[in-house]
Amino acid sequence: MNTNKEILGESLSDIRAFVAIAETGSFSKAAESLNASRAHMSRQLSQLEARLGVQLIIRTTRSQRLTAAGETFFSRCRAALSQLDEAITLASNDADKMRGHIAVNCVGGILGESLIGDVIHAFCARNTEISIELDFSSERVDLVQSRFDLVLRMGALADSLLIGRELGEIKIGTYASPDYFARKGRPSHPKELQQHDCLTGSVTKWRYVKSDDPEQHTDVEVHGHLQCKNGHVLLNAALQGNGICRLPALYCTSYEAEGKLESVFTEWKVDKVPLYLLYHRDRHQPARLKALISYLVANIPAKLKD
């Protein structure tokens with residue numbers, strides 16, 4: 001016995017044909033409305049009746065009329081098809097119009113809260129019917145399973161189902177305050193960081209390359225009294241002389257200019273880290289999402305270079 005799902009899956013076009021025949025009262029008129037032949041409409045009705053196991057329309061050479069079962073089936077199907085057509089129209093309008101909601105997961109700290117945040121503020125000002133949720137949770141997000149439409153991350157996520165657009169590179173530096181150097185001394189080589197209080201985030205193995213010879217590199221396991229994934233917290237700890245931090249240069253440039261922080265190394269540097277915009281590999285993105293992607297790609301790279 002066929003289930004309801006099986007009947008619907010095989011018979012949606014037949015149901016549309018039946019509704020057209022019942023509405024117009026004529027096989028010929030129904031065929032014209034659906035751009036089909038009269039014979040094709042007759043076959044579709046016969047197929048539907050066979051699957052349902054009930055006669056829907058009594059037809060003679062001169063007339064046709066709905067059976068009792070056909071009357072009930074017609075009223076329900078006409079209402080259902082009307083709702084289906086409305087849903088299709090709404091979905092199409094949603095894809096084409098610059099309105100609706102976008103959920104963005106973003107790296108936090110100064111990079112997300114100021115630089116990227118400012119770009120999104122400007123986009124919202126230009127597109128007042130689009131609402132954006134900007135989330136700064138730092139855990140790795142599975143875009144395929146999550147509710148987010150876009151993710152901005154330092155470093156790429158290896159996922160073949162996603163598209164990754166590199167927006168630029170972020171310069172990373174190692175800093176401490178003059179007070180810290182006065183108390184603890186200044187390391188001259190990355191390996192000496194093992195004898196210092198290092199302020200760490202989620203990464204405790206720091207890699208350095210020689211400034212004048214990128215082929216030379218060294219990895220060092222660091223530790224200290226504070227571990228936190230928030231860049232503002234690490235920055236403030238460094239400013240108070242509590243340890244050595246490794247942060248994006250844009251966090252520290254102004255404090256370095258004021259003499260409140262100093263770069264730890266001159267002969268060793270940290271490789272720049274790419275900033276990626278990640279989104280679904282989907283050809284049918286709504287217009288609002290395409291517009292935001294284009295705006296981020298057009299505006300963030302220049303700000304990273306400032």
# chains A, B, ... in the order shown; residues from 1 in each chain; ligands from 1
call {"tool": "closest_atom_pairs", "arguments": {"of": "segment 16-45 of chain A", "to": "segment 59-83 of chain A", "cutoff": "8 Å", "atoms": "only C-alpha atoms", "output": "tab-separated table"}}
result
residue	atom	partner	partner_atom	distance
A:Arg16	CA	A:Leu81	CA	7.7
A:Phe18	CA	A:Phe74	CA	7.8
A:Val19	CA	A:Phe74	CA	6.2
A:Ala22	CA	A:Phe74	CA	7.2
A:Gly25	CA	A:Gln64	CA	7.3
A:Ser26	CA	A:Gln64	CA	7.8
call {"tool": "atom_distance", "arguments": {"atom1": "atom CA of Ser131 of chain A", "atom2": "atom CA of Ile102 of chain A"}}
result
6.3 Å
call {"tool": "atom_distance", "arguments": {"atom1": "atom CA of Leu193 of chain A", "atom2": "atom CA of Leu111 of chain A"}}
result
25.9 Å
call {"tool": "closest_residue", "arguments": {"among": "A:Ile244, A:Ala17, A:Cys228, A:Cys106", "to": "Pro190 of chain A", "atoms": "only C-alpha atoms"}}
result
A:Ile244
call {"tool": "closest_residue", "arguments": {"among": "A:Lys210, A:Arg153, A:Phe181, A:Lys229", "to": "Gly168 of chain A", "atoms": "only C-alpha atoms"}}
result
A:Arg153
